[in-house]
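Worksheet: one structure, shown below.
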Amino acid sequence: MRLLLLLAALALAGGWMHLRAEAPQPLHPDDPRGATGKTGIVMLAAEWCGYCRRQQAEFAAGKVRYRVLDIDTPAGARAMQALGARGVPVTVIGQTVIRGYDTAALAEHLEPLGYPLY
């Protein structure tokens, strides 16, 4: 009987944790995902970052419409903190956060938006 009660309690706790895990968490006001919707693109970058410059050149060549947030500005630094990011580039495509210069991930999320870059 005790085993049955223990199993029932564990099942209830697991169901509660499952529901809690799926509940959408509100975004921090400085999180760029708040402004991207489903298709917007924001790149957190720095002038001194070679990978950032490379990705920006590729975006320019592919005519990608995006916004740059320089992490060396107060707004960019707050966005980095809101995302918990430590390095650049960080690219937000819709609600997806791509950390680093990851061409496979960029291609996966840019192609459905009509940008076949990679």
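Chain lettering (A, B, ...) mirrors the order of the structure tokens, residue numbering begins at 1 for each chain separately, and ligand numbering begins at 1 in order of display.
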| field | Non-local contacts of Tyr51 of chain A (9 Å; only C-alpha atoms; under 2 positions in same chain excluded) as a ChimeraX atom specification | value | /A:45,49,53-56,88-89,100-101
Keeping only N, CA, C and O atoms, write the selected residues as a CSV table (one decimal), in the first residue's frame.
chain,number,residue,atom,x,y,z
A,45,ALA,N,26.8,42.1,-31.3
A,45,ALA,CA,28.1,42.1,-31.9
A,45,ALA,C,29.0,43.2,-31.2
A,45,ALA,O,28.5,44.0,-30.5
A,49,CYS,N,35.2,42.3,-32.9
A,49,CYS,CA,35.0,40.8,-33.1
A,49,CYS,C,35.1,40.4,-34.5
A,49,CYS,O,34.3,40.9,-35.4
A,53,ARG,N,32.2,40.6,-37.6
A,53,ARG,CA,32.4,41.3,-38.9
A,53,ARG,C,32.1,40.4,-40.1
A,53,ARG,O,31.5,40.8,-41.1
A,54,ARG,N,32.6,39.1,-39.9
A,54,ARG,CA,32.4,38.2,-41.0
A,54,ARG,C,30.9,37.9,-41.2
A,54,ARG,O,30.4,37.9,-42.3
A,55,GLN,N,30.2,37.7,-40.1
A,55,GLN,CA,28.7,37.4,-40.2
A,55,GLN,C,28.0,38.6,-40.7
A,55,GLN,O,27.1,38.4,-41.5
A,56,GLN,N,28.4,39.8,-40.3
A,56,GLN,CA,27.7,41.0,-40.8
A,56,GLN,C,28.0,41.1,-42.3
A,56,GLN,O,27.0,41.5,-43.1
A,88,VAL,N,30.4,36.9,-28.2
A,88,VAL,CA,29.7,37.4,-29.4
A,88,VAL,C,30.3,36.6,-30.6
A,88,VAL,O,31.4,36.1,-30.6
A,89,PRO,N,29.6,36.5,-31.7
A,89,PRO,CA,28.2,37.1,-31.9
A,89,PRO,C,27.1,36.2,-31.3
A,89,PRO,O,27.3,35.0,-31.0
A,100,GLY,N,27.4,32.3,-30.9
A,100,GLY,CA,28.6,32.1,-31.7
A,100,GLY,C,28.4,32.1,-33.1
A,100,GLY,O,27.2,32.3,-33.6
A,101,TYR,N,29.4,32.0,-33.9
A,101,TYR,CA,29.4,32.0,-35.4
A,101,TYR,C,29.1,30.6,-35.8
A,101,TYR,O,30.0,29.8,-36.1
| request: Would you mind listing what lies within 7 Å of Ala46 of chain A as JSON, numbers by chain, with only C-alpha atoms counted and same-chain residues fewer than 2 positions away left out? | output: {"A": [48, 49, 52, 70, 71, 72]}
For the selection just defined, write its residues with C-alpha atoms to a file, as an mmCIF file, in the first residue's frame.
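Resulting contents of result26.cif:
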data_model
loop_
_atom_site.group_PDB
_atom_site.id
_atom_site.type_symbol
_atom_site.label_atom_id
_atom_site.label_comp_id
_atom_site.auth_asym_id
_atom_site.auth_seq_id
_atom_site.Cartn_x
_atom_site.Cartn_y
_atom_site.Cartn_z
ATOM 1 C CA TRP A 48 36.506 44.271 -32.343
ATOM 2 C CA CYS A 49 35.014 40.820 -33.066
ATOM 3 C CA CYS A 52 30.913 39.427 -35.945
ATOM 4 C CA ASP A 70 26.750 46.718 -30.108
ATOM 5 C CA ILE A 71 27.582 45.063 -26.794
ATOM 6 C CA ASP A 72 29.905 47.940 -25.948
#
List the spatial neighbours of Arg33 of chain A as a tab-separated table (two decimals) with N, CA, C and O atoms, in the first residue's frame - criterion: any atom at most 7 Å away, only C-alpha atoms, same-chain residues fewer than 3 positions off excluded.
chain	number	residue	atom	x	y	z
A	36	THR	N	11.66	40.72	-31.44
A	36	THR	CA	11.85	40.00	-32.70
A	36	THR	C	10.60	39.29	-33.20
A	36	THR	O	10.53	38.97	-34.38
A	37	GLY	N	9.64	39.05	-32.32
A	37	GLY	CA	8.46	38.31	-32.75
A	37	GLY	C	8.85	36.94	-33.28
A	37	GLY	O	9.72	36.28	-32.72
A	92	VAL	N	19.75	36.51	-32.58
A	92	VAL	CA	18.39	36.13	-32.20
A	92	VAL	C	17.56	36.15	-33.48
A	92	VAL	O	17.44	37.19	-34.12
A	94	GLY	N	13.86	35.30	-34.57
A	94	GLY	CA	12.56	34.98	-33.95
A	94	GLY	C	12.77	34.83	-32.46
A	94	GLY	O	13.24	35.74	-31.80
A	95	GLN	N	12.48	33.66	-31.93
A	95	GLN	CA	12.67	33.39	-30.51
A	95	GLN	C	13.86	32.46	-30.25
A	95	GLN	O	14.07	32.02	-29.13
| request: Tell me which of A:Leu113, A:Gln25, A:Ala61, A:Asp30 sits closest to Gln81 of chain A, counting only C-alpha atoms. | output: A:Asp30
| field | Point-to-point distance from atom CA of Met43 of chain A to atom CA of Leu117 of chain A, Å rounded to tenths | value |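 If I compute the distance from atom CA of Met43 of chain A to atom CA of Leu117 of chain A, I get 15.7 Å.
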| Two-atom distance - atom CA of Val97 of chain A, atom CA of Ala82 of chain A (Å) |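 Going from atom CA of Val97 of chain A over to atom CA of Ala82 of chain A, I get 11.8 Å.
For the atom pair formed by atom CA of Thr96 of chain A and atom CA of Lys38 of chain A, the distance is 9.1 Å, given to one decimal.
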| said: For the strand (DSSP E) assignment from backbone DSSP, which residues of chain A qualify? Please present them as an MDAnalysis selection string. | reply: chainID A and resid 41:45 67:70 90:93 96:99
Next, the residues of the selection above should be written as a compact mmCIF listing (two decimals), in the first residue's frame with all heavy atoms.
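After the write, result-v3.txt holds the following:
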# COMPACT_ATOMS: atom_id res chain seq x y z
N ILE A 41 15.18 39.65 -36.64
CA ILE A 41 16.56 39.21 -36.43
C ILE A 41 17.34 40.33 -35.75
O ILE A 41 17.33 41.47 -36.20
CB ILE A 41 17.24 38.85 -37.76
CG1 ILE A 41 16.45 37.76 -38.48
CG2 ILE A 41 18.69 38.41 -37.53
CD1 ILE A 41 16.90 37.52 -39.91
N VAL A 42 18.01 39.98 -34.66
CA VAL A 42 18.88 40.91 -33.95
C VAL A 42 20.22 40.21 -33.74
O VAL A 42 20.26 39.05 -33.32
CB VAL A 42 18.29 41.32 -32.58
CG1 VAL A 42 19.28 42.17 -31.80
CG2 VAL A 42 16.98 42.05 -32.75
N MET A 43 21.30 40.93 -34.03
CA MET A 43 22.63 40.39 -33.81
C MET A 43 23.34 41.23 -32.76
O MET A 43 23.44 42.44 -32.89
CB MET A 43 23.43 40.40 -35.11
CG MET A 43 24.83 39.88 -34.97
SD MET A 43 25.66 39.97 -36.58
CE MET A 43 27.32 39.63 -36.08
N LEU A 44 23.79 40.57 -31.70
CA LEU A 44 24.60 41.23 -30.70
C LEU A 44 26.04 41.04 -31.13
O LEU A 44 26.49 39.91 -31.35
CB LEU A 44 24.38 40.64 -29.32
CG LEU A 44 23.09 41.09 -28.61
CD1 LEU A 44 21.87 40.49 -29.27
CD2 LEU A 44 23.14 40.73 -27.16
N ALA A 45 26.75 42.15 -31.29
CA ALA A 45 28.09 42.10 -31.88
C ALA A 45 28.98 43.16 -31.25
O ALA A 45 28.53 43.98 -30.46
CB ALA A 45 27.99 42.33 -33.39
N ARG A 67 18.95 43.82 -37.20
CA ARG A 67 19.38 44.96 -36.39
C ARG A 67 20.60 44.53 -35.60
O ARG A 67 20.68 43.39 -35.13
CB ARG A 67 18.24 45.32 -35.43
CG ARG A 67 18.56 46.45 -34.50
CD ARG A 67 17.32 46.80 -33.67
NE ARG A 67 17.75 47.45 -32.46
CZ ARG A 67 17.28 47.20 -31.27
NH1 ARG A 67 16.31 46.32 -31.11
NH2 ARG A 67 17.74 47.83 -30.22
N VAL A 68 21.56 45.41 -35.46
CA VAL A 68 22.77 45.13 -34.68
C VAL A 68 22.68 45.87 -33.36
O VAL A 68 22.35 47.06 -33.32
CB VAL A 68 24.04 45.58 -35.43
CG1 VAL A 68 25.27 45.38 -34.56
CG2 VAL A 68 24.19 44.83 -36.73
N LEU A 69 23.01 45.16 -32.30
CA LEU A 69 23.17 45.77 -30.98
C LEU A 69 24.64 45.62 -30.61
O LEU A 69 25.13 44.49 -30.46
CB LEU A 69 22.31 45.06 -29.93
CG LEU A 69 20.89 45.52 -29.75
CD1 LEU A 69 20.16 44.63 -28.74
CD2 LEU A 69 20.84 46.96 -29.30
N ASP A 70 25.33 46.74 -30.49
CA ASP A 70 26.75 46.72 -30.11
C ASP A 70 26.82 46.47 -28.61
O ASP A 70 26.27 47.24 -27.81
CB ASP A 70 27.40 48.05 -30.47
CG ASP A 70 28.90 48.07 -30.24
OD1 ASP A 70 29.40 47.29 -29.40
OD2 ASP A 70 29.58 48.85 -30.92
N VAL A 90 26.05 36.85 -30.95
CA VAL A 90 24.82 36.19 -30.51
C VAL A 90 23.74 36.68 -31.46
O VAL A 90 23.54 37.89 -31.59
CB VAL A 90 24.45 36.53 -29.05
CG1 VAL A 90 23.12 35.90 -28.68
CG2 VAL A 90 25.54 36.08 -28.10
N THR A 91 23.08 35.76 -32.12
CA THR A 91 22.07 36.13 -33.10
C THR A 91 20.73 35.62 -32.64
O THR A 91 20.58 34.43 -32.32
CB THR A 91 22.40 35.56 -34.49
OG1 THR A 91 23.75 35.91 -34.82
CG2 THR A 91 21.46 36.10 -35.55
N VAL A 92 19.75 36.51 -32.58
CA VAL A 92 18.39 36.13 -32.20
C VAL A 92 17.56 36.15 -33.48
O VAL A 92 17.44 37.19 -34.12
CB VAL A 92 17.81 37.11 -31.15
CG1 VAL A 92 16.39 36.73 -30.80
CG2 VAL A 92 18.70 37.15 -29.91
N ILE A 93 17.03 35.00 -33.84
CA ILE A 93 16.18 34.87 -35.01
C ILE A 93 14.83 34.40 -34.51
O ILE A 93 14.69 33.27 -34.05
CB ILE A 93 16.76 33.88 -36.05
CG1 ILE A 93 18.16 34.34 -36.47
CG2 ILE A 93 15.82 33.76 -37.25
CD1 ILE A 93 18.88 33.37 -37.38
N THR A 96 14.63 32.19 -31.29
CA THR A 96 15.79 31.31 -31.18
C THR A 96 17.04 32.13 -30.96
O THR A 96 17.29 33.11 -31.66
CB THR A 96 15.96 30.46 -32.45
OG1 THR A 96 14.77 29.70 -32.65
CG2 THR A 96 17.15 29.53 -32.35
N VAL A 97 17.86 31.71 -29.99
CA VAL A 97 19.12 32.38 -29.71
C VAL A 97 20.25 31.48 -30.22
O VAL A 97 20.36 30.33 -29.81
CB VAL A 97 19.29 32.63 -28.19
CG1 VAL A 97 20.64 33.29 -27.90
CG2 VAL A 97 18.15 33.49 -27.66
N ILE A 98 21.06 32.03 -31.12
CA ILE A 98 22.20 31.30 -31.67
C ILE A 98 23.45 31.94 -31.12
O ILE A 98 23.74 33.10 -31.37
CB ILE A 98 22.19 31.33 -33.21
CG1 ILE A 98 20.90 30.68 -33.73
CG2 ILE A 98 23.44 30.64 -33.77
CD1 ILE A 98 20.66 30.88 -35.20
N ARG A 99 24.21 31.16 -30.38
CA ARG A 99 25.42 31.67 -29.73
C ARG A 99 26.63 31.31 -30.57
O ARG A 99 26.81 30.17 -30.96
CB ARG A 99 25.54 31.08 -28.33
CG ARG A 99 24.36 31.49 -27.45
CD ARG A 99 24.34 30.75 -26.12
NE ARG A 99 23.09 30.95 -25.42
CZ ARG A 99 22.79 31.99 -24.67
NH1 ARG A 99 23.69 32.95 -24.52
NH2 ARG A 99 21.63 32.09 -24.07
| query | In chain A, what's helix (DSSP H, G or I) per DSSP? Answer as a ChimeraX atom specification? | reply | /A:2-22,33-36,50-61,74-83,103-113
